[in-house]
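Below is one structure; the comments refer to it alone.
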Amino acid sequence: MVTITSYPVAVVMCVITMICWGSWGNTQKLASKEWKFQLFYWDYTLGILLFSLLLGFTMGSFGEGGRAFIPDLLQADPKWLLSAFVGGVIFNLSNILLVIAIDIAGLAVAFPVGVGLALVLGVVTTYMATGEGNPLMLGVGVALIVAAIILDAIAFNRLGGKSATIKGIIVSALAGILMGFFYSFVARAMGKIDMSSGTAVLEAGKISPYSAMAVFAFSIFLSNFVFNTVAMKFPVSGAPVSYSDYFKLGTPKLHLVGILGGSIWCLGTSLNFLCADAAGAALAYGLGQGATMVSAFWGVFIWKEFKGAPKGTNLILAMMFVLFLVGLGVLVASKL
């Protein structure tokens with residue numbers, strides 16, 4: 001399998017993760033003009049599953065290091081497969097709430113509040129699970145990001161007169177709390193890479209990043225029949241939708257947009273899992289969740305979600321961006 005053992009390369013991969021995680025939401029924004037987010041989400045999860053299998057049978061099977069995709073799955077201890085599966089269930093519930101938050105409040109609020117909170121909890125829980133990274137610097141980086149989240153909530157509240165304000169922030173926060181716990185389950189399931197022999201040797205019993213991604217993706221797709229069905233029948237906003245709507249209202253273009261969104265997210269997540277060993281799981285997750293700034297950029301500058309906000313809001317948003325970037329910089333330095 002293709003492996004990453006260089007820290008600088010791992011950081012670059014985390015940056016790509018950041019871009020992917022922060023950009024997939026644009027596909028939902030595009031699709032939501034024509035149909036409900038619950039219908040979009042079916043294609044999104046399908047895209048995640050298909051792309052994870054594509055990576056498993058290509059990058060996860062080629063090369064001399066580690067173990068090929070299928071042999072790796074067959075040798076895995078069931079408890080680590082279950083750990084990655086549980087991570088997928090937790091993530092899917094949190095991500096559905098995040099998608100609902102995007103639908104209610106937009107990218108510029110849902111991501112900084114929801115994913116920012118997930119970053120904080122994810123760094124803490126992953127550090128507790130793996131013990132990797134400088135705890136003081138991780139703490140400082142997280143504190144700066146918390147401050148940025150607070151500024152984003154303040155900026156959104158200044159829009160005023162929107163019933164979605166409180167609801168959007170609450171749903172985003174719930175999504176973030178749940179999302180902050182999924183990564184540690186996956187991190188524990190992935191084996192360490194030993195380079196002492198000159199060739200990448202993967203820890204026995206545990207699974208490769210490619211296998212972890214495939215199990216994780218299968219869990220997301222399977223749990224979607226529970227979580228998304230509930231979201232379809234009991235929507236937080238708008239009218240209920242049915243399974244028949246997926247087939248009656250969906251066009252090839254809409255389906256492809258959803259699959260593209262899932263593929264973009266899966267690419268970012270796979271690269272993040274792949275570099276978790278070289279960068280440290282806590283840092284890999286924390287840096288990847290810099291996606292909040294990428295999504296906030298899309299929301300503020302492309303989708304104009306703060307258009308018409310009171311004077312002074314732009315200054316608050318600028319401060320939010322600065323605090324997030326500085327916080328991410330501290331997280332990167334925590335591994336040096």
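Chain labels A, B, ... are given in the sequence in which chains occur in the structure tokens; within each chain residues are numbered consecutively from 1, and ligands are likewise numbered from 1 in the order shown.
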Using only C-alpha atoms, what table do you get, as CSV, when you list each residue of stretch 110-168 of chain A with an atom no more than 8 Å from stretch 301-311 of chain A, its nearest pair of atoms, and their distance in Å rounded to one decimal, rows by chain then rising number?
residue,atom,partner,partner_atom,distance
A:Phe156,CA,A:Phe306,CA,7.6
A:Arg158,CA,A:Ala309,CA,6.6
A:Leu159,CA,A:Ala309,CA,5.1
Filtering to all heavy atoms, could you give me those residues as a tab-separated table (two decimals), in the first residue's frame?
chain	number	residue	atom	x	y	z
A	156	PHE	N	-22.78	36.11	13.45
A	156	PHE	CA	-24.04	35.61	12.90
A	156	PHE	C	-25.23	36.21	13.63
A	156	PHE	O	-26.25	36.57	13.03
A	156	PHE	CB	-24.08	34.09	13.00
A	156	PHE	CG	-25.31	33.48	12.36
A	156	PHE	CD1	-25.53	33.62	11.01
A	156	PHE	CD2	-26.23	32.78	13.12
A	156	PHE	CE1	-26.66	33.07	10.42
A	156	PHE	CE2	-27.36	32.23	12.54
A	156	PHE	CZ	-27.57	32.38	11.17
A	158	ARG	N	-25.46	39.09	14.84
A	158	ARG	CA	-25.62	40.48	14.44
A	158	ARG	C	-26.48	40.64	13.20
A	158	ARG	O	-26.94	41.76	12.90
A	158	ARG	CB	-24.25	41.12	14.19
A	158	ARG	CG	-23.46	41.44	15.47
A	158	ARG	CD	-22.03	41.80	15.14
A	158	ARG	NE	-21.95	43.01	14.33
A	158	ARG	CZ	-21.90	44.25	14.81
A	158	ARG	NH1	-21.93	44.45	16.12
A	158	ARG	NH2	-21.81	45.29	14.00
A	159	LEU	N	-26.71	39.54	12.47
A	159	LEU	CA	-27.59	39.63	11.32
A	159	LEU	C	-29.00	39.99	11.76
A	159	LEU	O	-29.72	40.70	11.07
A	159	LEU	CB	-27.60	38.31	10.55
A	159	LEU	CG	-26.32	37.97	9.78
A	159	LEU	CD1	-26.41	36.57	9.20
A	159	LEU	CD2	-26.07	38.97	8.66
Please measure the separation of atom CA of A:Val120 and atom CA of A:Lys206, giving the value in Å to one decimal.
->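 Going from atom CA of A:Val120 over to atom CA of A:Lys206, I get 26.3 Å.
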In Å, with one decimal, what is the gap from atom CA of A:Val186 to atom CA of A:Ala148?
-> 27.1 Å
A:Tyr210, A:Phe216, A:Trp80, A:Phe51 ranked by distance to A:Gly66, top pick (using only C-alpha atoms) |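 For A:Gly66, the nearest of the candidates is A:Tyr210.
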Nearest-residue call for A:Phe273, choices A:Gly47, A:Gly133, A:Gly139, A:Gly288, using only C-alpha atoms =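 Looking at the shortest contact to A:Phe273, the residue is A:Gly288.
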Write out as a list of chain:residue names each polymer residue whose atoms come within 9 Å of A:Ser208, counting only C-alpha atoms; drop sequence neighbours fewer than 5 positions from it.
->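 Result of the neighbour search: A:Met1, A:Gly60, A:Gly66, A:Arg67, A:Ala68, A:Phe69, A:Asp72, A:Leu73, A:Ala189, A:Met190, A:Gly191, A:Lys192, A:Leu202, A:Glu203, A:Met213, A:Phe273, A:Leu274.
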Near-A:Ser263 list (10 Å; only C-alpha atoms; drop same-chain fewer than 2 positions) as a list in words = Cys20, Trp24, Asp43, Tyr44, Thr45, Leu46, Gly47, Ile48, Leu49, Leu50, Phe51, Ser52, Val257, Gly258, Ile259, Leu260, Gly261, Trp265, Cys266, Leu267, Gly268 and Thr269 of chain A
